[in-house]
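**Student:** Have a look at this one.
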Amino acid sequence: MNLPIAFEEKMRSLLHEEYADYEKCFDEARHYGLRVNTNKITVEEFLKIAPWKLEPIPWIHNGFYYDGDSVQPAKHPYYFAGLYYLQEPSAMTPADRLPVDPGDKVLDVCAAPGGKATELGAKLQGKGVLIANDISSSRAKGLLKNLELFGIGNMMVLSEEPGKLTEYFRGYFDKILIDAPCSGEGMFRKDKKMVKAWEEHGPEFFSKIQRSIITQAASMLKTGGMLLYSTCTFDPSENEQTIEYLLSEYPEFEICSIRPYEGFAEGMPETGESGNQELKKTVRIFPHRMQGEGHYLALLKKGHCEENHEADADRAGKTAGRKKKLPEELDAFFQDVDWELDASRLDIHGERVYYMPEGLPDLKGVRFLRSGLLLGELKKNRFEPSQALAMCLKRKDYARVLDLPLADERVIKYLKGDTLDLEDMVSAKEKGWYLVCVDGYPLGFGKLLGQTLKNKYLPGWRWMGSGQ
Ligand SMILES: C[S@@+](CC[C@H](N)C(=O)[O-])C[C@H]1O[C@@H](n2cnc3c(N)ncnc32)[C@H](O)[C@@H]1O
């Protein structure tokens with residue numbers, strides 16, 4: 001492969017005697033990865049039903065290699081059930097190594113299309129809140145779909161400049177991920193187009209943006225909170241030097257160790273300007289040392305900086321005294337759902353009913369694509385549940401389930417939007433909303449009448465093309 005000379009020279013000076021091995025790996029095949037959605041299924045259960053050969057990615061507990069030249073996991077009903085995300089193996093590392101606990105308030109600053117946000121959301125297990133932001137609203141649409149498919153309801157999808165977010169979220173988050181826009185040198189092997197993009201906008205262009213994003217994000221982190229910064233590039237100006245810049249602006253941050261893996265290489269203090277040996281705790285991923293593409297990761301903790309309780313005070317003010325009842329139609333539908341809905345968290349706009357995460361500040365003026373879980377729509381005398389709600393439910397949560405085995409041809413028919421004939425499954429007197437599942441994992445809703453299911457699968461998500 002023809003690499004730009006300036007890039008080759010830089011890599012030689014970073015890798016010394018390892019450069020030949022790095023260069024050789026351009027002749028090797030790329031790696032395909034699949035990450036299990038632990039919000040919906042355990043790794044053990046998934047391995048029992050996975051129809052393809054999978055090999056563990058050794059540094060990611062829920063990550064697996066698959067043979068992307070012979071199988072297409074994106075064209076499988078389990079994909080439509082949100083049981084996994086397809087992601088380049090090294091790209092799984094940042095969200096894996098940011099310690100997120102259920103109940104945390106988490107921000108993913110550059111989140112689209114959601115490779116990392118889906119994992120952060122899964123780690124929350126429905127508790128706390130995920131704010132997933134991307135400056136590009138077109139990319140944020142894909143992000144929203146991926147989060148909904150993953151069954152993540154305690155979230156907001158925003159499309160803002162990070163600087164604008166600082167006005168609303170100062171000192172608010174427990175955990176922040178910055179998967180920064182970068183010159184993409186680590187992706188040259190996987191995607192040749194990245195070389196052309198690099199020639200147009202290289203490290204110098206991106207390092208300015210990264211410095212701005214990382215300092216803005218720093219101000220939104222709580223004292224004691226953790227921030228993970230990652231790129232998929234090798235240039236020190238976008239990696240170690242960005243961290244040096246953060247530390248010069250916010251000396252209260254300290255660099256933390258990242259859970260190790262034998263293939264990780266240490267960060268390179270010698271490429272920076274401060275000589276800060278702590279930078280060795282950051283991680284470089286090189287494709288000749290492990291089976292994944294190039295990345296950089298730094299994990300930081302916000303130490304003894306200014307306390308900020310403003311956001312907490314705001315939140316207390318917002319939730320106090322909001323005692324509401326569920327609208328009748330919604331209440332009737334939720335008689336069949338095994339969820340405790342808190343009416344004070346409902347947000348109703350026209351026909352649409354959203355279930356808001358707890359404890360958000362007032363976000364008036366922020367551009368968003370989604371705030372909270374879209375439960376569905378209030379029509380005249382009835383409630384119509386949404387696709388997003390179906391994806392958030394577990395089979396056991398809903399009273400009326402049509403559970404189709406994978407081999408049943410009605411699975412694909414349902415995903416294509418067809419009406420289903422269900423004479424063999426239900427009696428003539430049964431009717432109403434049914435949750436359609438494949439092997440026990442929800443795909444969407446349908447409305448039953450006279451042993452026929454009217455398809456309510458979201459049209460924009462339909463299966464295209466032929467069967468499996
Ligand atoms: C490396 S990609 C993120 C990939 C994503 N984290 C994932 O795992 O799927 C970087 C993203 O940053 C977004 N971006 C670029 N400049 C930005 C900025 N100033 N603030 C926020 N996002 C930005 C881009 O639109 C792009 O989606």
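To be explicit about the labels: the chains of the structure tokens are called A, B, and onward in the order shown, and within each one the residues are counted from 1, while ligands get numbers from 1 in the order they are shown.
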List as a ChimeraX atom specification the protein and nucleic acid residues near segment 277-281 of chain A, meaning an atom at most 10 Å away when only C-alpha atoms are counted, but skip any in the same chain fewer than 2 places from it.
**Tutor:** /A:239-241,243-244,254-260,265-272,274-275,283-284,297-300
**Student:** Restricted to N, CA and C atoms, what would the selected residues look like written as an mmCIF file, in the first residue's frame?
**Tutor:**
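Saved result, part.cif, follows:
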data_model
loop_
_atom_site.group_PDB
_atom_site.id
_atom_site.type_symbol
_atom_site.label_atom_id
_atom_site.label_comp_id
_atom_site.auth_asym_id
_atom_site.auth_seq_id
_atom_site.Cartn_x
_atom_site.Cartn_y
_atom_site.Cartn_z
ATOM 1 N N ASN A 239 -2.552 12.877 20.577
ATOM 2 C CA ASN A 239 -2.634 11.905 21.664
ATOM 3 C C ASN A 239 -1.971 12.450 22.939
ATOM 4 N N GLU A 240 -0.715 12.051 23.202
ATOM 5 C CA GLU A 240 -0.052 12.479 24.438
ATOM 6 C C GLU A 240 -0.084 13.999 24.594
ATOM 7 N N GLN A 241 0.108 14.719 23.492
ATOM 8 C CA GLN A 241 0.178 16.186 23.616
ATOM 9 C C GLN A 241 -1.187 16.809 23.936
ATOM 10 N N ILE A 243 -3.302 15.353 25.939
ATOM 11 C CA ILE A 243 -3.420 15.125 27.387
ATOM 12 C C ILE A 243 -2.537 16.130 28.147
ATOM 13 N N GLU A 244 -1.359 16.392 27.621
ATOM 14 C CA GLU A 244 -0.509 17.417 28.251
ATOM 15 C C GLU A 244 -1.217 18.770 28.277
ATOM 16 N N GLU A 254 -5.726 13.840 37.093
ATOM 17 C CA GLU A 254 -4.588 12.914 37.144
ATOM 18 C C GLU A 254 -4.809 11.756 36.172
ATOM 19 N N ILE A 255 -3.698 11.265 35.641
ATOM 20 C CA ILE A 255 -3.788 10.155 34.673
ATOM 21 C C ILE A 255 -3.905 8.851 35.452
ATOM 22 N N CYS A 256 -4.855 8.016 35.071
ATOM 23 C CA CYS A 256 -5.080 6.735 35.771
ATOM 24 C C CYS A 256 -4.567 5.585 34.909
ATOM 25 N N SER A 257 -4.289 4.475 35.586
ATOM 26 C CA SER A 257 -3.906 3.267 34.839
ATOM 27 C C SER A 257 -5.140 2.685 34.175
ATOM 28 N N ILE A 258 -4.899 2.055 33.042
ATOM 29 C CA ILE A 258 -5.974 1.416 32.280
ATOM 30 C C ILE A 258 -5.807 -0.096 32.447
ATOM 31 N N ARG A 259 -6.916 -0.801 32.700
ATOM 32 C CA ARG A 259 -6.814 -2.257 32.893
ATOM 33 C C ARG A 259 -5.986 -2.840 31.748
ATOM 34 N N PRO A 260 -4.907 -3.557 32.102
ATOM 35 C CA PRO A 260 -3.920 -3.904 31.071
ATOM 36 C C PRO A 260 -4.316 -5.086 30.179
ATOM 37 N N ALA A 265 0.541 -1.149 24.156
ATOM 38 C CA ALA A 265 1.841 -0.497 24.345
ATOM 39 C C ALA A 265 1.629 0.729 25.236
ATOM 40 N N GLU A 266 2.683 1.097 25.962
ATOM 41 C CA GLU A 266 2.588 2.281 26.835
ATOM 42 C C GLU A 266 2.501 3.554 26.018
ATOM 43 N N GLY A 267 1.865 4.574 26.619
ATOM 44 C CA GLY A 267 1.927 5.898 26.026
ATOM 45 C C GLY A 267 3.383 6.349 25.973
ATOM 46 N N MET A 268 3.660 7.395 25.178
ATOM 47 C CA MET A 268 5.045 7.765 24.891
ATOM 48 C C MET A 268 5.349 9.179 25.385
ATOM 49 N N PRO A 269 5.766 9.319 26.661
ATOM 50 C CA PRO A 269 6.065 10.659 27.191
ATOM 51 C C PRO A 269 7.123 11.375 26.360
ATOM 52 N N GLU A 270 8.018 10.593 25.748
ATOM 53 C CA GLU A 270 9.113 11.220 24.980
ATOM 54 C C GLU A 270 8.605 11.969 23.748
ATOM 55 N N THR A 271 7.353 11.705 23.336
ATOM 56 C CA THR A 271 6.813 12.421 22.173
ATOM 57 C C THR A 271 6.128 13.721 22.596
ATOM 58 N N GLY A 272 6.041 13.927 23.913
ATOM 59 C CA GLY A 272 5.369 15.129 24.398
ATOM 60 C C GLY A 272 6.360 16.235 24.698
ATOM 61 N N SER A 274 6.248 17.870 27.985
ATOM 62 C CA SER A 274 6.428 18.066 29.428
ATOM 63 C C SER A 274 7.347 17.028 30.059
ATOM 64 N N GLY A 275 7.566 15.925 29.362
ATOM 65 C CA GLY A 275 8.354 14.833 29.940
ATOM 66 C C GLY A 275 7.605 14.120 31.070
ATOM 67 N N VAL A 283 -2.505 4.394 26.822
ATOM 68 C CA VAL A 283 -2.310 3.168 26.040
ATOM 69 C C VAL A 283 -2.281 3.475 24.548
ATOM 70 N N ARG A 284 -1.327 2.836 23.895
ATOM 71 C CA ARG A 284 -1.311 2.865 22.422
ATOM 72 C C ARG A 284 -1.600 1.466 21.908
ATOM 73 N N LEU A 297 -5.592 5.646 23.962
ATOM 74 C CA LEU A 297 -6.556 5.859 25.055
ATOM 75 C C LEU A 297 -5.865 6.489 26.257
ATOM 76 N N ALA A 298 -6.539 7.441 26.863
ATOM 77 C CA ALA A 298 -6.053 7.994 28.131
ATOM 78 C C ALA A 298 -7.232 8.065 29.087
ATOM 79 N N LEU A 299 -7.037 7.570 30.306
ATOM 80 C CA LEU A 299 -8.084 7.610 31.327
ATOM 81 C C LEU A 299 -7.639 8.602 32.401
ATOM 82 N N LEU A 300 -8.517 9.545 32.724
ATOM 83 C CA LEU A 300 -8.150 10.590 33.690
ATOM 84 C C LEU A 300 -9.221 10.739 34.753
#
**Student:** Give me the residues of segment 126-161 of chain A that have any atom at most 12 Å from an atom of segment 376-394 of chain A; for each, the nearest atom pair and the distance in Å, rounded to one decimal. Use only C-alpha atoms, sort by chain and number, and format it as a tab-separated table.
**Tutor:**
residue	atom	partner	partner_atom	distance
A:Gly126	CA	A:Cys392	CA	9.1
A:Leu144	CA	A:Ala388	CA	10.0
A:Lys145	CA	A:Ala388	CA	8.9
A:Asn146	CA	A:Ala388	CA	10.4
A:Leu147	CA	A:Ala388	CA	9.0
A:Glu148	CA	A:Ala388	CA	5.3
A:Leu149	CA	A:Met391	CA	6.0
A:Phe150	CA	A:Met391	CA	6.9
A:Gly151	CA	A:Cys392	CA	4.1
A:Ile152	CA	A:Cys392	CA	6.4
A:Gly153	CA	A:Cys392	CA	6.5
A:Asn154	CA	A:Cys392	CA	9.9
A:Met155	CA	A:Ala388	CA	11.8
**Student:** Tell me, in Å to one decimal, how far atom CA of Gln335 of chain A is from atom CA of Trp461 of chain A.
**Tutor:**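 Between atom CA of Gln335 of chain A and atom CA of Trp461 of chain A the gap works out to 27.6 Å.
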**Student:** Give me the chain A side of the contact with ligand 1, cut-off 7 Å, one line per residue showing its nearest atom pair and distance in Å at one decimal, counting only C-alpha atoms and all ligand atoms, sorted by chain and residue number, as a tab-separated table.
**Tutor:**
residue	atom	partner	partner_atom_place_in_ligand_line	distance
A:Ala91	CA	ligand 1	8 (O)	6.8
A:Val109	CA	ligand 1	21 (C)	5.7
A:Cys110	CA	ligand 1	22 (N)	4.0
A:Ala111	CA	ligand 1	6 (N)	4.1
A:Ala112	CA	ligand 1	27 (O)	4.4
A:Pro113	CA	ligand 1	9 (O)	4.2
A:Gly114	CA	ligand 1	9 (O)	4.0
A:Gly115	CA	ligand 1	9 (O)	3.6
A:Lys116	CA	ligand 1	8 (O)	4.2
A:Ala117	CA	ligand 1	8 (O)	6.7
A:Asn133	CA	ligand 1	21 (C)	6.8
A:Asp134	CA	ligand 1	22 (N)	4.4
A:Ile135	CA	ligand 1	22 (N)	4.4
A:Ser136	CA	ligand 1	25 (O)	4.8
A:Arg139	CA	ligand 1	27 (O)	6.2
A:Glu160	CA	ligand 1	21 (C)	7.0
A:Glu161	CA	ligand 1	20 (N)	5.1
A:Pro162	CA	ligand 1	20 (N)	5.4
A:Asp179	CA	ligand 1	6 (N)	4.9
A:Ala180	CA	ligand 1	10 (C)	5.1
A:Pro181	CA	ligand 1	10 (C)	3.9
A:Cys182	CA	ligand 1	1 (C)	6.6
A:Ile209	CA	ligand 1	19 (N)	6.1
A:Ile213	CA	ligand 1	19 (N)	6.3
A:Thr231	CA	ligand 1	1 (C)	6.8
**Student:** Which residue is closest to Asp439 of chain A? Choose from A:Lys48, A:Arg345, A:Arg30, A:Arg35 and count only C-alpha atoms.
**Tutor:**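 Comparing A:Lys48, A:Arg345, A:Arg30, A:Arg35 against Asp439 of chain A, the winner is A:Lys48.
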